[in-house]
Amino acid sequence: MPSVSTGHALDLEKFLKSLKGQPLEASVNSLISLLKRRQIKGSEPCAVATAHILLQVVARSKWHDVDSLLINVSRTGRKLVDAQPNELVIGNIVRRVLGLIRDEASEDRGDTADESASDAPTPTDIVPPTSISQQWSSKRFDSANSVAPPARPPIVSSYSSINPPKSLFHLLSTSPPADGDVSPFRNSGSSTPTWRGNSGQIHALRSEVIDGIEEIKDEISQVDDQIAASAEVQIHPGDLVLVHQPSTTVERFILRAAQKRKFTVLIAMAPPKRHSSTETQHTTFRKKLSAAGITVVNVMNGGLMAYMSRVNKVIIGARAIVATGGVVADAGSAAIARAAKEQGAAVVVLSGVYKLSPESPFDESSLIEWGDSSTFVSFADGPLVCGAEIRTALTELIPPELVDTYITNLGTHSRDHLSSLISDHYKREDADFHIWEGALP
Amino acid sequence: MSHKGKNSASSAKGKKPAKSGAESKGEDVLQAVVLADSFQDRFKPFTVEKPRCLLPLANTPLIEYTLEFLAMNGVQEVYIYCGAHTDQVEDYISHSRWASSSKSCPFSVLQFVRVADARSVGDVLRDMDKRSLVDGDFLLVHGDLVSNLILDGALAAHRKRRETSAANIMTMVLHSGGPADHRTKTNGITPVFVVDTKTQRCLHYDEMNPLQSDHYLSMDPLIAEELSTEFEIRADLIDAQIDICTPEVLALWSESFDYELPRRNFLHGVLKDWELNGKMIYAEIFEDGYAARASNLQMYDAISRDVLGRWTFPFIPENNIMPKQTYKKHSNNVVIETGASHAADAKLQNSVIGTNSSIGSGSRIVNSIIGTGCKIGANVTLENSFIWNNTTVGDGTAISQSILAGDVVIGKGCTIPTGSLISYGVHISDSVSLSIAAVLSTVTSTGKQVTKDTKLLGPDGNAAPFFDPEDDELDDEDPSRLQKSLIYSLANYNLSTSSISTFASDVDSDDDNDSNFLATDTAHSNRSRLSSFASDDSAGKISFHTDAVHGLLDALRADSGDFDSAKLEFMGLRLANNASDAMMRKAVATAFTRRAVELVTPEHGGLDASKAADRAFTACKGASKFVNEVGVGGGESAQVEFILALQRALQHYSKGQEQSKAATLLPAMLQQLYALDILEEEGILGWWADARAVEGESMAALKEKCRVLVEWLENASEEDDDDDDDDDDSD
């Protein structure tokens with residue numbers, strides 16, 4: 001009886017364990033199912049799962065040149081994004097990996113560039129040493145404190161003037177379909193003959209990309225710590241800090257500040273849910289805080305506005321940040337941010353850089369994740385079930401103008417700064433990877 | 001990718017059990033048996049052409065929900081019994097992502113089980129037992145299950161119990177349905193579970209329905225005495241028939257060759273014979289989550305609404321559970337798949353629209369589900385309806401709360417009223433207005449082409465109203481009748497007037513309803529005692545009453561023979577339980593009344609009242625003496641009490657069957673007792689004047705029947721001794 005305590009139902013942990021034992025395609029499909037069934041949810045688990053599965057794609061799928069690898073990754077990525085379109089981090093991680101591959105490839109391929117360029121000028125062939133890398137390093141220093149920068153390989157961006165979608169499309173349309181069912185012969189004589197059979201180079205590229213993905217995984221796991229490093233700077237003695245349904249990131253942030261500062265924390269509780277699991281979660285947080293000598297006050301959402309005039313800072317953990325600076329956060333935070341703005345309290349958003357998305361959806365309501373109706377109403381309540389339409393929003397979008405400061409693992413940023421963060425981390429040609437993939441036959 | 005040998009080996013679906021696949025598994029592999037055929041025909045006429053588990057619910061076949069549920073719970077090995085339309089189900093599954101040859105199958109084994117000429121669920125499970133496919137705990141579910149429950153907790157609890165004792169064989173997963181009316185509770189048949197509050201052991205199971213003649217649940221009094229001191233009787237539970245079973249369960253099915261239904265036969269039977277088999281079954285009652293079976297059209301309707309209401313989350317269209325689905329949520333809770341189009345001025349609300357469907361201008365779609373490839377014309381009104389794939393609805397047609405299956409063509413300007421079921425491929429001409437709910441099909445229940453009813457459906461009509469010949473064979477009281485239509489209605493049924501009591505409804509009839517509901521079969525007269533069911537004292541009283549009545553009845557039924565042994569037994573019981581005179585009187589009165597009532601029923605010859613009374617009291621030697629000594633045994637007051645007891649007992653029966661006949665039994669019995677010199681005229685007249693005899697309507701009605709007798713007695717007494725006593729108030 002080994003599994004008396006552990007259940008059978010699947011979750012992130014079980015999924016990661018199962019990765020080794022099953023074929024790649026099965027893993028991808030099982031992750032898609034898990035995302036669709038919301039058995040993996042929340043931005044961090046989604047990001048971790050995506051990084052893991054893409055690592056498997058790089059390591060185990062069949063590819064013999066950079067282009068087919070890019071296709072493999074973006075195809076898998078698109079499936080994942082479609083499975084859970086509301087979790088922007090999935091797309092972010094896919095873009096990061098795509099960018100990583102392009103970088104590594106352009107480094108390796110510098111000498112062979114002219115051959116393939118004649119046939120299909122891929123964006124990776126052009127290596128303009130633009131000012132981006134300088135921007136990167138300068139930003140590293142102007143961030144408020146010396147956060148250890150994520151150990152990424154230096155970006156040699158292909159952020160260039162060439163028209164990437166066109167060349168990409170051309171590239172993809174001449175390429176074989178992704179994954180294992182590719183016949184190795186179909187590609188012979190196409191755009192990248194020099195890469196075929198050059199197993200040494202492929203091997204090197206593979207291991208470098210895998211290293212890069214491992215670094216992304218490390219980055220995700222270190223985000224909370226790195227964000228917490230800014231805590232002392234942000235929270236001043238005597239502050240009255242309001243947190244809304246604190247995520248672990250926010251909890252770590254507050255606890256770090258509590259080591260040095262004396263302040264008061266208001267916790268905006270989740271609305272009275274039927275399951276009280278969040279309640280217990282917050283109690284451990286409260287205990288830790290009071291152990292550190294911090295005054296903690298629990299406030300129900302409804303009574304919150306009365307306190308707002310006294311609050312100095314509102315700290316919100318983001319689920320994702322869109323390109324405009326709008327923040328996808330737990331339902332209820334938008335009202336708090338609005339109230340804080342009216343009362344002049346600073347709104348601080350905590351988020352890992354990996355949650356920052358280059359997407360900026362036209363229809364903002366499409367970002368909102370709607371949950372299970374039984375969150376607030378019991379299914380056993382017949383009249384209510386039959387007579388009322390019940391909608392439970394899990395997330396909502398905080399408009400960018402309500403947010404004062406964004407704190408990421410790279411430091412403190414203003415809204416205007418976000419666009420340069422985005423261009424640092426994502427390549428323009430990958431921005432719409434899920435759309436151009438979809439346009440293919 | 002590298003395909004595991006085990007997968008491909010077991011993918012060979014066939015009649016032979018997989019040799020290596022199933023047997024060498026460790027304990028922690030979760031197995032599931034899916035019964036994709038329910039051996040019912042409540043989805044007719046649709047199931048004539050397609051199996052139930054492939055019917056679309058919110059544009060996703062039912063079996064998908066079931067398999068998703070299993071995958072979600074980490075089930076590894078799945079055995080599917082297909083039954084009706086086996087080829088269609090197997091074909092569907094082997095071409096889906098669930099096929100074990102497919103790389104995306106989350107199950108390590110997915111095997112079809114074929115059982116030759118199985119006629120019930122029982123046959124299938126007995127066959128499963130013979131093959132010994134399952135060797136550990138397994139989930140037994142039906143192919144029409146929609147659920148999002150995570151069973152980890154229930155599985156762990158089940159495993160713990162099983163380790164404690166091998167007699168703990170099964171855990172049922174139930175969902176609380178709340179006290180009020182609920183669309184997702186099954187109509188027609190109400191499952192009643194008796195569950196111990198502490199151990200969650202299920203003590204008794206029964207089903208009730210509005211057509212049954214008596215609204216009582218009979219429960220073994222030993223349950224209260226020996227099994228449990230604290231239990232709940234719940235009629236509110238939503239039973240999705242998810243069972244966590246040990247292989248023992250299959251063995252038990254094998255032992256009982258006549259069990260057919262998992263609940264009404266198996267569960268009821270196993271629980272009833274707990275003393276014999278020593279098995280224990282538990283009930284895990286969930287408050288959260290969702291679980292229901294689309295076991296009939298009404299449930300199909302309810303579950304579809306639950307899907308629209310997001311109760312089945314994450315199994316909602318918007319989450320695109322099936323591959324290739326591309327639903328997106330829009331405003332007004334309309335979920336539209338990519339590729340569907342609708343006119344800008346069409347009013348859509350709370351609906352689902354599949355790909356390649358189009359909706360014309362000015363149409364109004366409310367609370368409806370439209371499949372893929374449908375053409376909805378202009379100015380169509382669609383309310384609470386389900387339209388499956390590739391159906392065309394002409395301009396200006398109005399449809400409310402109906403199901404239109406695939407490839408149906410409805411002409412322009414038609415009216416389809418509430419409750420209609422229109423099966424595959426039916427064509428209806430323009431401007432046809434059906435006045436009452438119609439069930440239309442192009443084939444008969446045996447699958448043959450029908451003769452077109454062009455009178456009803458217009459010149460282009462190719463279908464006819466559907467009749468199921470088996471309907472006529474059903475017993476009038478068979479509750480499955482109630483579940484055959486889309487709309488649940490009792491309007492056409494001749495229901496007995498006694499209260500249809502559930503915990504939910506507040507029907508105030510003449511007596512206290514709650515105890516009515518609890519009352520055991522034999523407890524006719526004294527009902528209040530049942531409210532204090534739990535205390536040992538009253539449990540003893542019930543037991544005395546039940547045993548005594550049964551003993552006497554058996555003796556009476558024997559007709560001939562000596563009554564002395566019955567009398568001895570009765571007195572023994574009396575001493576053992578320290579029963580009072582009143583209790584004895586009640587038991588005697590009940591027993592004789594029941595016998596008399598039995599005799600007037602057609603099964604026992606349908607005697608008329610006076611003969612029945614005569615037979616009840618005099619057929620057995622010594623019976624009348626027994627009544628005289630034990631039942632009445634005293635003066636006028638005792639006689640009054642006895643008549644009252646008779647009247648009360650009879651009142652219970654007159655509620656049910658044979659109302660008119662049973663009612664005349666009272667005067668007949670009184671006359672008989674008078675003739676036997678057991679009752680004297682003072683006693684009868686005393687009863688006549690007693691206020692207790694007119695408590696409630698039915699008592700008064702019974703009393704009224706005796707007016708003739710009483711008047712005759714009065715006259716007789718005047719003649720006998722022209723006495724004074726004229727002032728007895730006969731009213």
# chains A, B, ... in the order shown; residues from 1 in each chain; ligands from 1
>>> residues_around(residues="Ala638 of chain B", least_positions_apart="3", cutoff="10 Å", atoms="only C-alpha atoms", output="list in words")
Asp581, Ala582, Arg585, Gly631, Val632, Gly633, Gly634, Gly635, Glu641, Phe642, Ile643, Leu644, Leu679 and Gly683 of chain B
>>> residues_around(residues="Ile678 of chain B", least_positions_apart="4", cutoff="9 Å", atoms="only C-alpha atoms", output="count of residues only")
11
>>> residues_around(residues="segment 318-331 of chain A", least_positions_apart="6", cutoff="10 Å", atoms="only C-alpha atoms", output="MDAnalysis selection string")
chainID A and resid 42:44 86:89 92 244:247 249:250 270:271 348:361 364 367:370 392:403 406 414:419 421:422
>>> write_last_selection(atoms="C-alpha atoms", output="tab-separated table (two decimals), in the first residue's frame")
chain	number	residue	atom	x	y	z
A	42	GLY	CA	-2.16	29.70	-11.34
A	43	SER	CA	0.60	31.52	-13.13
A	44	GLU	CA	3.57	29.93	-11.45
A	86	ASN	CA	-6.27	33.10	-19.94
A	87	GLU	CA	-2.89	32.20	-18.48
A	88	LEU	CA	-0.64	34.60	-20.33
A	89	VAL	CA	2.48	33.17	-18.72
A	92	ASN	CA	5.46	34.18	-22.26
A	244	HIS	CA	-5.37	41.67	-1.05
A	245	GLN	CA	-5.64	37.91	-0.72
A	246	PRO	CA	-1.87	37.65	-0.44
A	247	SER	CA	-0.18	35.23	-2.80
A	249	THR	CA	4.98	36.29	-3.56
A	250	VAL	CA	3.24	38.98	-1.54
A	270	ALA	CA	-11.48	36.78	0.22
A	271	PRO	CA	-15.25	37.06	0.17
A	348	VAL	CA	2.40	48.44	-5.89
A	349	VAL	CA	2.20	45.38	-8.11
A	350	LEU	CA	4.52	42.45	-7.51
A	351	SER	CA	5.27	40.19	-10.41
A	352	GLY	CA	8.02	38.06	-11.84
A	353	VAL	CA	9.29	39.24	-15.18
A	354	TYR	CA	8.02	36.01	-16.67
A	355	LYS	CA	4.49	37.20	-16.02
A	356	LEU	CA	4.99	40.26	-18.13
A	357	SER	CA	3.34	39.60	-21.44
A	358	PRO	CA	3.91	41.33	-24.76
A	359	GLU	CA	0.27	40.71	-25.53
A	360	SER	CA	-2.19	43.47	-25.21
A	361	PRO	CA	-5.59	42.06	-25.97
A	364	GLU	CA	-9.97	43.11	-22.15
A	367	LEU	CA	-8.53	38.05	-20.16
A	368	ILE	CA	-10.85	37.39	-17.31
A	369	GLU	CA	-10.99	33.87	-16.05
A	370	TRP	CA	-14.44	32.75	-15.01
A	392	THR	CA	-17.79	33.85	-10.52
A	393	ALA	CA	-14.89	35.88	-11.83
A	394	LEU	CA	-11.57	34.56	-10.64
A	395	THR	CA	-9.49	37.35	-12.07
A	396	GLU	CA	-9.94	40.90	-13.16
A	397	LEU	CA	-7.95	43.50	-14.97
A	398	ILE	CA	-6.57	46.47	-13.09
A	399	PRO	CA	-6.30	49.35	-15.57
A	400	PRO	CA	-2.72	50.57	-15.99
A	401	GLU	CA	-3.44	54.09	-14.79
A	402	LEU	CA	-4.27	52.78	-11.32
A	403	VAL	CA	-0.85	51.20	-10.81
A	406	TYR	CA	5.73	47.46	-10.69
A	414	SER	CA	7.38	52.42	-13.84
A	415	ARG	CA	4.76	51.74	-16.42
A	416	ASP	CA	6.74	53.41	-19.17
A	417	HIS	CA	9.58	51.08	-18.48
A	418	LEU	CA	7.56	47.97	-19.18
A	419	SER	CA	7.85	48.20	-22.92
A	421	LEU	CA	11.41	45.10	-20.43
A	422	ILE	CA	9.20	43.41	-22.96
>>> interface_residues(of="chain A", to="chain B", cutoff="9 Å", atoms="only C-alpha atoms", output="ChimeraX atom specification")
/A:1-10,22-30,33-34,36-39,61,82-84,180-181,274-275,365-366,371-375,378-383,385-386,389-391
>>> write_last_selection(atoms="N, CA and C atoms", output="short mmCIF file (atom, residue, chain, number, x, y, z; two decimals), in the first residue's frame")
data_model
loop_
_atom_site.label_atom_id
_atom_site.label_comp_id
_atom_site.auth_asym_id
_atom_site.auth_seq_id
_atom_site.Cartn_x
_atom_site.Cartn_y
_atom_site.Cartn_z
N MET A 1 0.82 -1.21 0.00
CA MET A 1 0.00 0.00 0.00
C MET A 1 0.85 1.25 0.00
N PRO A 2 1.47 1.53 -1.06
CA PRO A 2 2.35 2.69 -1.03
C PRO A 2 1.57 4.00 -1.08
N SER A 3 0.40 3.97 -1.68
CA SER A 3 -0.24 5.25 -1.97
C SER A 3 -1.51 5.44 -1.16
N VAL A 4 -1.40 5.23 0.11
CA VAL A 4 -2.58 5.46 0.93
C VAL A 4 -2.83 6.96 1.09
N SER A 5 -1.76 7.67 1.30
CA SER A 5 -1.95 9.10 1.56
C SER A 5 -2.08 9.89 0.27
N THR A 6 -1.28 9.55 -0.73
CA THR A 6 -1.37 10.32 -1.97
C THR A 6 -2.53 9.81 -2.80
N GLY A 7 -3.21 10.74 -3.40
CA GLY A 7 -4.38 10.35 -4.17
C GLY A 7 -4.02 9.99 -5.59
N HIS A 8 -5.07 9.73 -6.35
CA HIS A 8 -4.86 9.39 -7.74
C HIS A 8 -5.01 10.60 -8.65
N ALA A 9 -5.72 11.59 -8.18
CA ALA A 9 -5.99 12.73 -9.04
C ALA A 9 -4.68 13.40 -9.44
N LEU A 10 -4.68 13.92 -10.64
CA LEU A 10 -3.44 14.45 -11.20
C LEU A 10 -3.20 15.88 -10.74
N GLN A 22 6.92 8.70 -20.03
CA GLN A 22 6.05 8.51 -21.18
C GLN A 22 6.55 9.27 -22.39
N PRO A 23 6.09 8.85 -23.55
CA PRO A 23 6.54 9.52 -24.77
C PRO A 23 6.14 10.99 -24.77
N LEU A 24 6.88 11.75 -25.54
CA LEU A 24 6.71 13.20 -25.53
C LEU A 24 5.28 13.61 -25.85
N GLU A 25 4.73 12.99 -26.88
CA GLU A 25 3.41 13.43 -27.31
C GLU A 25 2.37 13.19 -26.23
N ALA A 26 2.55 12.07 -25.54
CA ALA A 26 1.63 11.78 -24.44
C ALA A 26 1.76 12.83 -23.35
N SER A 27 2.99 13.25 -23.08
CA SER A 27 3.19 14.28 -22.06
C SER A 27 2.52 15.58 -22.47
N VAL A 28 2.71 15.94 -23.72
CA VAL A 28 2.10 17.19 -24.19
C VAL A 28 0.59 17.11 -24.04
N ASN A 29 0.03 16.00 -24.51
CA ASN A 29 -1.41 15.87 -24.43
C ASN A 29 -1.90 15.84 -23.00
N SER A 30 -1.13 15.22 -22.15
CA SER A 30 -1.60 15.16 -20.76
C SER A 30 -1.53 16.55 -20.14
N SER A 33 -4.55 18.45 -21.33
CA SER A 33 -5.74 18.06 -20.58
C SER A 33 -5.74 18.67 -19.19
N LEU A 34 -4.58 18.64 -18.56
CA LEU A 34 -4.51 19.18 -17.21
C LEU A 34 -4.82 20.67 -17.21
N LYS A 36 -6.65 22.23 -19.45
CA LYS A 36 -8.07 22.41 -19.76
C LYS A 36 -8.94 22.09 -18.56
N ARG A 37 -8.55 21.06 -17.84
CA ARG A 37 -9.34 20.69 -16.67
C ARG A 37 -8.99 21.53 -15.47
N ARG A 38 -8.10 22.47 -15.66
CA ARG A 38 -7.67 23.38 -14.58
C ARG A 38 -7.10 22.60 -13.41
N GLN A 39 -6.47 21.48 -13.72
CA GLN A 39 -5.81 20.76 -12.62
C GLN A 39 -4.42 21.33 -12.40
N SER A 61 12.16 15.79 -29.04
CA SER A 61 11.50 15.76 -30.34
C SER A 61 12.55 15.64 -31.43
N ASP A 82 -3.69 27.57 -26.39
CA ASP A 82 -5.11 27.34 -26.68
C ASP A 82 -5.81 26.61 -25.55
N ALA A 83 -5.05 25.76 -24.88
CA ALA A 83 -5.67 25.00 -23.81
C ALA A 83 -6.07 25.90 -22.65
N GLN A 84 -5.30 26.93 -22.40
CA GLN A 84 -5.64 27.83 -21.30
C GLN A 84 -5.27 29.25 -21.72
N GLY A 180 7.23 13.91 -34.14
CA GLY A 180 7.94 12.71 -34.52
C GLY A 180 7.62 12.15 -35.89
N ASP A 181 6.46 12.51 -36.43
CA ASP A 181 6.08 11.87 -37.67
C ASP A 181 6.74 12.50 -38.90
N ARG A 274 -17.43 29.30 0.40
CA ARG A 274 -17.97 28.13 1.08
C ARG A 274 -16.85 27.23 1.56
N HIS A 275 -15.81 27.14 0.80
CA HIS A 275 -14.67 26.36 1.27
C HIS A 275 -13.76 27.33 2.00
N SER A 365 -12.04 41.99 -21.69
CA SER A 365 -12.84 41.02 -20.94
C SER A 365 -12.42 39.59 -21.26
N SER A 366 -11.73 39.40 -22.39
CA SER A 366 -11.32 38.05 -22.72
C SER A 366 -10.20 37.56 -21.81
N GLY A 371 -14.82 31.29 -13.15
CA GLY A 371 -14.62 30.05 -12.41
C GLY A 371 -15.89 29.24 -12.26
N ASP A 372 -15.80 28.37 -11.34
CA ASP A 372 -16.84 27.45 -11.01
C ASP A 372 -17.97 28.17 -10.28
N SER A 373 -19.19 27.90 -10.66
CA SER A 373 -20.30 28.57 -10.00
C SER A 373 -20.42 28.18 -8.54
N SER A 374 -19.90 27.03 -8.19
CA SER A 374 -20.11 26.56 -6.82
C SER A 374 -19.14 27.20 -5.84
N THR A 375 -18.35 28.17 -6.29
CA THR A 375 -17.44 28.82 -5.36
C THR A 375 -18.21 29.53 -4.24
N SER A 378 -23.88 27.08 -2.99
CA SER A 378 -23.87 25.63 -2.90
C SER A 378 -24.79 25.06 -3.96
N PHE A 379 -24.34 23.99 -4.57
CA PHE A 379 -25.17 23.36 -5.58
C PHE A 379 -26.43 22.76 -4.96
N ALA A 380 -26.37 22.52 -3.67
CA ALA A 380 -27.54 21.94 -3.00
C ALA A 380 -28.65 22.96 -2.80
N ASP A 381 -28.37 24.21 -3.09
CA ASP A 381 -29.38 25.25 -2.92
C ASP A 381 -30.24 25.31 -4.18
N GLY A 382 -31.21 24.44 -4.24
CA GLY A 382 -32.00 24.28 -5.44
C GLY A 382 -32.59 25.55 -6.03
N PRO A 383 -33.31 26.33 -5.25
CA PRO A 383 -33.94 27.53 -5.82
C PRO A 383 -32.92 28.48 -6.44
N VAL A 385 -29.92 27.64 -7.60
CA VAL A 385 -29.31 27.02 -8.78
C VAL A 385 -30.24 27.14 -9.98
N CYS A 386 -31.52 26.92 -9.73
CA CYS A 386 -32.46 26.94 -10.85
C CYS A 386 -32.88 28.36 -11.22
N GLU A 389 -28.70 33.16 -12.29
CA GLU A 389 -27.51 32.93 -13.09
C GLU A 389 -26.33 33.33 -12.23
N ILE A 390 -25.40 32.44 -12.07
CA ILE A 390 -24.30 32.71 -11.16
C ILE A 390 -23.00 32.77 -11.93
N ARG A 391 -22.28 33.84 -11.76
CA ARG A 391 -20.99 33.98 -12.44
C ARG A 391 -19.94 34.31 -11.41
#
>>> residues_around(residues="segment 421-434 of chain B", least_positions_apart="5", cutoff="8 Å", atoms="only C-alpha atoms", output="MDAnalysis selection string")
chainID B and resid 45:46 49 394 402:416 439:442 456:463 486
>>> closest_residue(among="A:Arg95, A:Lys260, A:Lys288, A:Lys217", to="Pro237 of chain A", atoms="only C-alpha atoms")
A:Lys260
>>> select_by_dssp(residues="segment 45-198 of chain B", states="alpha helix (DSSP H)", output="MDAnalysis selection string")
chainID B and resid 46:49 62:72 86:94 121:131 152:164
>>> residues_around(residues="Ser445 of chain B", least_positions_apart="2", cutoff="9 Å", atoms="only C-alpha atoms", output="ChimeraX atom specification")
/B:44-45,48,443,447-448,466-469
>>> write_last_selection(atoms="N, CA and C atoms", output="PDB file, in the first residue's frame")
ATOM      1  N   LYS B  44     -35.500   7.064 -25.845  1.00  0.00           N
ATOM      2  CA  LYS B  44     -36.147   6.828 -27.121  1.00  0.00           C
ATOM      3  C   LYS B  44     -36.888   8.091 -27.540  1.00  0.00           C
ATOM      4  N   PRO B  45     -36.974   8.437 -28.800  1.00  0.00           N
ATOM      5  CA  PRO B  45     -36.589   7.668 -29.983  1.00  0.00           C
ATOM      6  C   PRO B  45     -35.130   7.842 -30.407  1.00  0.00           C
ATOM      7  N   VAL B  48     -32.849   4.747 -30.686  1.00  0.00           N
ATOM      8  CA  VAL B  48     -33.096   3.722 -31.696  1.00  0.00           C
ATOM      9  C   VAL B  48     -31.939   3.718 -32.693  1.00  0.00           C
ATOM     10  N   VAL B 443     -38.079   6.262 -37.961  1.00  0.00           N
ATOM     11  CA  VAL B 443     -38.055   4.803 -37.816  1.00  0.00           C
ATOM     12  C   VAL B 443     -38.925   4.388 -36.637  1.00  0.00           C
ATOM     13  N   GLY B 447     -36.540  -0.099 -35.577  1.00  0.00           N
ATOM     14  CA  GLY B 447     -35.575   0.353 -36.571  1.00  0.00           C
ATOM     15  C   GLY B 447     -36.098   0.298 -37.991  1.00  0.00           C
ATOM     16  N   LYS B 448     -37.356  -0.006 -38.164  1.00  0.00           N
ATOM     17  CA  LYS B 448     -37.893  -0.037 -39.534  1.00  0.00           C
ATOM     18  C   LYS B 448     -38.403   1.340 -39.941  1.00  0.00           C
ATOM     19  N   PHE B 466     -43.882   8.621 -32.843  1.00  0.00           N
ATOM     20  CA  PHE B 466     -43.155   7.429 -32.415  1.00  0.00           C
ATOM     21  C   PHE B 466     -43.894   6.770 -31.259  1.00  0.00           C
ATOM     22  N   PHE B 467     -44.115   5.485 -31.395  1.00  0.00           N
ATOM     23  CA  PHE B 467     -44.714   4.745 -30.284  1.00  0.00           C
ATOM     24  C   PHE B 467     -43.792   3.629 -29.874  1.00  0.00           C
ATOM     25  N   ASP B 468     -43.646   3.480 -28.619  1.00  0.00           N
ATOM     26  CA  ASP B 468     -42.840   2.377 -28.133  1.00  0.00           C
ATOM     27  C   ASP B 468     -43.784   1.300 -27.625  1.00  0.00           C
ATOM     28  N   PRO B 469     -43.823   0.171 -28.296  1.00  0.00           N
ATOM     29  CA  PRO B 469     -44.762  -0.863 -27.862  1.00  0.00           C
ATOM     30  C   PRO B 469     -44.502  -1.325 -26.437  1.00  0.00           C
TER      31      PRO B 469
END
>>> residues_around(residues="Val81 of chain A", least_positions_apart="5", cutoff="12 Å", atoms="only C-alpha atoms", output="short mmCIF file (atom, residue, chain, number, x, y, z; two decimals) with C-alpha atoms, in the first residue's frame")
data_model
loop_
_atom_site.label_atom_id
_atom_site.label_comp_id
_atom_site.auth_asym_id
_atom_site.auth_seq_id
_atom_site.Cartn_x
_atom_site.Cartn_y
_atom_site.Cartn_z
CA LEU A 31 -0.46 18.70 -19.99
CA ILE A 32 -3.08 20.07 -22.36
CA LEU A 35 -4.63 22.80 -18.29
CA LYS A 36 -8.07 22.41 -19.76
CA CYS A 46 1.60 26.97 -15.47
CA ALA A 47 4.95 28.59 -16.14
CA THR A 50 5.40 24.96 -19.71
CA SER A 74 5.91 26.97 -31.31
CA ARG A 75 3.45 24.26 -32.27
CA THR A 76 3.56 22.78 -28.82
CA ASN A 86 -6.27 33.10 -19.94
CA GLU A 87 -2.89 32.20 -18.48
CA LEU A 88 -0.64 34.60 -20.33
CA VAL A 89 2.48 33.17 -18.72
CA ILE A 90 2.29 30.08 -20.90
CA GLY A 91 2.72 32.21 -23.99
CA ASN A 92 5.46 34.18 -22.26
CA ILE A 93 7.53 31.11 -21.51
CA VAL A 94 7.08 29.82 -25.04
CA ARG A 95 8.27 33.15 -26.41
CA ASP A 432 2.30 36.55 -32.27
CA PHE A 433 3.63 33.03 -32.53
CA HIS A 434 0.31 31.49 -31.73
CA ILE A 435 -1.44 33.48 -34.40
CA GLU A 437 1.04 29.18 -36.38
CA GLY A 438 -2.70 29.11 -36.53
CA ASN B 319 -12.85 25.13 -21.83
#
>>> closest_residue(among="B:Glu90, B:Glu64, B:Glu255, B:Asp123", to="His142 of chain B", atoms="only C-alpha atoms")
B:Glu64
>>> select_by_dssp(residues="segment 370-457 of chain B", states="strand (DSSP E)", output="PyMOL selection string")
chain B and resi 370+375-376+381-383+386-387+392-393+398-400+403-404+409-410+415-416+421-422+427-428+439-441
>>> atom_distance(atom1="atom CA of Asn59 of chain B", atom2="atom CA of Gly339 of chain B")
14.7 Å
>>> atom_distance(atom1="atom CA of Asp239 of chain A", atom2="atom CA of Lys313 of chain A")
7.5 Å
>>> residues_around(residues="Val297 of chain A", least_positions_apart="2", cutoff="10 Å", atoms="only C-alpha atoms", output="ChimeraX atom specification")
/A:242,264-268,286,294-295,299-300
>>> write_last_selection(atoms="C-alpha atoms", output="short mmCIF file (atom, residue, chain, number, x, y, z; two decimals), in the first residue's frame")
data_model
loop_
_atom_site.label_atom_id
_atom_site.label_comp_id
_atom_site.auth_asym_id
_atom_site.auth_seq_id
_atom_site.Cartn_x
_atom_site.Cartn_y
_atom_site.Cartn_z
CA LEU A 242 -2.94 46.72 2.54
CA THR A 264 0.86 47.50 10.08
CA VAL A 265 -0.65 45.05 7.63
CA LEU A 266 -4.28 45.01 6.60
CA ILE A 267 -5.30 41.78 4.94
CA ALA A 268 -8.28 42.06 2.65
CA ARG A 286 -0.74 36.00 10.12
CA ILE A 294 3.80 43.16 13.02
CA THR A 295 0.26 44.23 13.71
CA VAL A 299 -10.67 43.19 6.84
CA MET A 300 -13.49 41.80 4.83
#
>>> atom_distance(atom1="atom CA of Glu429 of chain A", atom2="atom CA of Gln325 of chain B")
27.2 Å
